[in-house]
Structure formats: structure tokens, C-alpha cells
$ cat final-v1.txt   # compact mmCIF, C-alpha atoms
# COMPACT_ATOMS: atom_id res chain seq x y z
CA MET A 1 38.28 3.48 100.61
CA ASN A 2 38.12 -0.30 100.91
CA ALA A 3 40.71 -2.63 99.36
CA ARG A 4 38.50 -3.66 96.42
CA ALA A 5 37.74 -0.04 95.48
CA PHE A 6 41.45 0.77 95.70
CA GLU A 7 42.33 -2.17 93.41
CA GLU A 8 39.70 -1.11 90.85
CA GLN A 9 40.92 2.49 90.90
CA ASN A 10 44.55 1.34 90.60
CA SER A 11 43.62 -1.03 87.75
CA ASP A 12 41.84 1.79 85.88
CA MET A 13 44.92 3.99 86.26
CA GLN A 14 47.20 1.23 85.00
CA GLU A 15 44.96 0.73 81.94
CA ILE A 16 45.03 4.44 81.17
CA GLU A 17 48.81 4.57 81.62
CA LEU A 18 49.27 1.47 79.46
CA LYS A 19 47.00 2.89 76.78
CA GLN A 20 49.02 6.12 76.73
CA LEU A 21 52.33 4.23 76.79
CA ALA A 22 51.27 2.21 73.71
CA MET A 23 50.05 5.29 71.86
CA ASP A 24 53.26 7.18 72.64
CA ALA A 25 55.42 4.21 71.53
CA LEU A 26 53.55 4.10 68.21
CA ALA A 27 53.90 7.86 67.75
CA ASP A 28 57.63 7.69 68.58
CA LEU A 29 58.14 5.58 65.46
CA LYS A 30 55.94 7.79 63.30
CA GLY A 31 52.79 5.66 63.37
CA ASN A 32 50.04 7.05 61.17
CA ASP A 33 46.40 7.69 62.08
CA ILE A 34 46.66 6.43 65.65
CA VAL A 35 43.18 5.91 67.08
CA CYS A 36 42.13 4.64 70.50
CA LEU A 37 38.69 3.08 70.90
CA ASP A 38 37.04 2.60 74.28
CA VAL A 39 35.39 -0.82 73.96
CA ARG A 40 34.54 -1.40 77.63
CA ASN A 41 30.80 -1.39 76.88
CA GLN A 42 31.15 -3.69 73.87
CA THR A 43 33.37 -6.58 74.93
CA ASP A 44 35.05 -8.23 77.86
CA ILE A 45 38.25 -9.06 75.98
CA ALA A 46 39.77 -5.60 76.47
CA ASP A 47 38.98 -2.10 77.62
CA TYR A 48 40.77 -0.25 74.82
CA MET A 49 41.75 -0.99 71.23
CA ILE A 50 44.44 1.06 69.63
CA ILE A 51 44.67 1.06 65.84
CA ALA A 52 47.58 2.52 63.89
CA SER A 53 49.00 2.32 60.39
CA GLY A 54 52.55 1.77 59.24
CA THR A 55 53.96 2.49 55.81
CA SER A 56 55.21 -1.08 55.24
CA SER A 57 55.32 -4.45 56.97
CA ARG A 58 58.80 -3.57 58.25
CA HIS A 59 57.46 -0.32 59.72
CA VAL A 60 54.49 -2.18 61.27
CA ASN A 61 56.82 -4.67 62.98
CA ALA A 62 59.15 -1.92 64.19
CA MET A 63 56.24 -0.07 65.81
CA VAL A 64 54.95 -3.24 67.49
CA ASN A 65 58.45 -4.06 68.77
CA ASN A 66 58.70 -0.54 70.20
CA VAL A 67 55.39 -0.95 72.05
CA ILE A 68 56.62 -4.29 73.43
CA ALA A 69 59.92 -2.77 74.58
CA GLU A 70 58.22 0.17 76.29
CA ALA A 71 55.64 -2.09 77.94
CA LYS A 72 58.36 -4.39 79.27
CA LYS A 73 60.21 -1.38 80.72
CA SER A 74 57.03 -0.66 82.67
CA GLY A 75 56.76 -4.25 83.85
CA VAL A 76 54.04 -5.36 81.43
CA ALA A 77 54.67 -8.47 79.37
CA PRO A 78 52.52 -9.00 76.26
CA ASN A 79 49.91 -11.72 76.56
CA GLY A 80 50.25 -12.55 72.87
CA ILE A 81 51.40 -11.35 69.47
CA GLU A 82 49.88 -12.42 66.16
CA GLY A 83 50.73 -11.62 62.57
CA GLN A 84 54.37 -10.56 62.73
CA GLN A 85 54.92 -12.67 59.64
CA PRO A 86 54.00 -11.33 57.06
CA GLY A 87 53.44 -8.14 59.08
CA GLU A 88 50.54 -6.58 57.21
CA TRP A 89 48.41 -6.70 60.37
CA VAL A 90 49.97 -7.32 63.76
CA LEU A 91 47.85 -7.72 66.86
CA LEU A 92 49.52 -7.14 70.22
CA ASP A 93 47.56 -8.26 73.28
CA LEU A 94 48.45 -6.30 76.41
CA VAL A 95 45.42 -7.80 78.21
CA ASP A 96 43.30 -4.67 78.85
CA VAL A 97 44.72 -2.90 75.81
CA ILE A 98 44.85 -4.51 72.38
CA VAL A 99 47.03 -2.88 69.74
CA HIS A 100 46.38 -3.38 66.03
CA VAL A 101 49.07 -2.11 63.67
CA MET A 102 48.43 -2.48 59.94
CA VAL A 103 49.56 -1.41 56.53
CA PRO A 104 47.03 1.04 55.04
CA GLN A 105 45.53 -1.50 52.62
CA ALA A 106 44.69 -3.94 55.44
CA ARG A 107 43.33 -1.14 57.61
CA ASP A 108 41.06 0.09 54.84
CA PHE A 109 39.87 -3.45 54.06
CA TYR A 110 39.07 -4.55 57.64
CA ASP A 111 37.86 -1.11 58.81
CA LEU A 112 38.09 -1.94 62.53
CA GLU A 113 37.09 1.58 63.54
CA ARG A 114 33.70 1.12 61.90
CA LEU A 115 33.31 -2.42 63.24
CA TRP A 116 33.99 -1.42 66.86
CA SER A 117 32.09 1.88 66.70
CA VAL A 118 28.78 0.07 66.16
CA ASP A 119 26.80 0.01 69.38
CA SER A 120 24.92 -3.25 69.27
CA THR A 121 23.03 -3.17 72.54
CA PRO A 122 19.67 -4.94 72.12
CA GLU A 123 17.71 -1.96 73.42
CA GLU A 124 18.93 0.24 70.61
CA SER A 125 18.93 -2.17 67.68
CA GLY A 126 15.92 -2.26 65.44
CA PRO A 127 13.85 -5.28 64.49
CA ILE A 128 15.39 -7.90 62.25
CA GLU A 129 13.68 -8.03 58.89
CA HIS A 130 13.59 -11.17 56.79
$ encode --input "final-v1.txt" --output "C-alpha cells"
Amino acid sequence: MNARAFEEQNSDMQEIELKQLAMDALADLKGNDIVCLDVRNQTDIADYMIIASGTSSRHVNAMVNNVIAEAKKSGVAPNGIEGQQPGEWVLLDLVDVIVHVMVPQARDFYDLERLWSVDSTPEESGPIEH
């Protein structure tokens, strides 16, 4: 196995471990409806998006803080955090894994699962009608 192939394999393993670490950290604090979407074929910004619900903005922030703490223990520093105030929807960027934690009302309104489940490859989309 050449060095590049080893790096790619190692990177894939790290992404999978990071994805699982984030999902476990959310579950540890009783996150609701935790879903992981594989978005590798849809965007270059991340490989996985994890979406979870909290019961309140305080619960949302506690779950995000737990993911951050667990990631840092594994040597991964967040690339960015958005929305901690007011805490209805917090986005945590772990580079290859993006974590969205929301109160149920925000999750229902934005419906990220539906948005990211649409496969919009040109070969499969139909003609645009005017």
C-alpha cells in the first residue's frame, strides 16, 4: 500500500470514528432522534452531517458542549461553532463531520433531513418546466 492510499484509508477511519464519537456524545446526554446523513456525494463541505434534537436551548448547548469535550479528548478541535446564543439551532463544524443540534420546532421547520436526502445529480433530475 502506498503512502497516499494509507493516508486516505486512515482519513476514512478517522471520519468514521469522529462520526461515532459525536453520535455517542449526543446520546450520552439523551439527544433525541439522532440521525447521521452521508453527504459525500452531495457536497465537499463535509462527509457526514449529524442531526439531533434537544428538549430546550439549554439541553441543545449541553449536548454540543459534550461533543466538543469528547472531540478534544480525541485530539480534534472544532473548526467552528455557530448559534450557541440563543441555542435553538447550534452548528458544530468538526471539518469532515458537521453536527446540527436543534430544538424540535427548529428541526421541524428547517427539515434538514429532507433537504440533504434529495439527490440532485443532473443525470437524474427531470427537465425544468417554466
$ closest_residue --input "final-v1.txt" --among "A:Asp28, A:Glu88, A:Asp111, A:Asp47" --to "A:Met63" --atoms "only C-alpha atoms"
A:Asp28
$ closest_atom_pairs --input "final-v1.txt" --of "stretch 57-107 of chain A" --to "stretch 30-42 of chain A" --cutoff "10 Å" --atoms "all atoms listed in the file" --output "JSON lines"
{"residue": "A:His59", "atom": "CA", "partner": "A:Gly31", "partner_atom": "CA", "distance": 8.4}
{"residue": "A:Val60", "atom": "CA", "partner": "A:Gly31", "partner_atom": "CA", "distance": 8.3}
{"residue": "A:Ala62", "atom": "CA", "partner": "A:Gly31", "partner_atom": "CA", "distance": 9.9}
{"residue": "A:Met63", "atom": "CA", "partner": "A:Gly31", "partner_atom": "CA", "distance": 7.1}
{"residue": "A:Asp96", "atom": "CA", "partner": "A:Arg40", "partner_atom": "CA", "distance": 9.4}
{"residue": "A:Val97", "atom": "CA", "partner": "A:Asp38", "partner_atom": "CA", "distance": 9.6}
{"residue": "A:Ile98", "atom": "CA", "partner": "A:Cys36", "partner_atom": "CA", "distance": 9.7}
{"residue": "A:Val99", "atom": "CA", "partner": "A:Cys36", "partner_atom": "CA", "distance": 9.0}
{"residue": "A:His100", "atom": "CA", "partner": "A:Ile34", "partner_atom": "CA", "distance": 9.8}
{"residue": "A:Val101", "atom": "CA", "partner": "A:Gly31", "partner_atom": "CA", "distance": 8.6}
{"residue": "A:Met102", "atom": "CA", "partner": "A:Asn32", "partner_atom": "CA", "distance": 9.7}
{"residue": "A:Val103", "atom": "CA", "partner": "A:Asn32", "partner_atom": "CA", "distance": 9.7}
{"residue": "A:Pro104", "atom": "CA", "partner": "A:Asn32", "partner_atom": "CA", "distance": 9.1}
$ atom_distance --input "final-v1.txt" --atom1 "atom CA of A:Lys19" --atom2 "atom CA of A:Met49"
8.6 Å
$ atom_distance --input "final-v1.txt" --atom1 "atom CA of A:Asp93" --atom2 "atom CA of A:Ile51"
12.3 Å
$ closest_residue --input "final-v1.txt" --among "A:Val95, A:Leu29, A:Leu115, A:Ile50" --to "A:Asn79" --atoms "only C-alpha atoms"
A:Val95
$ residues_around --input "final-v1.txt" --residues "A:Gln84" --least-positions-apart "2" --cutoff "9 Å" --atoms "only C-alpha atoms" --output "ChimeraX atom specification"
/A:57,60-61,64,81-82,86-91
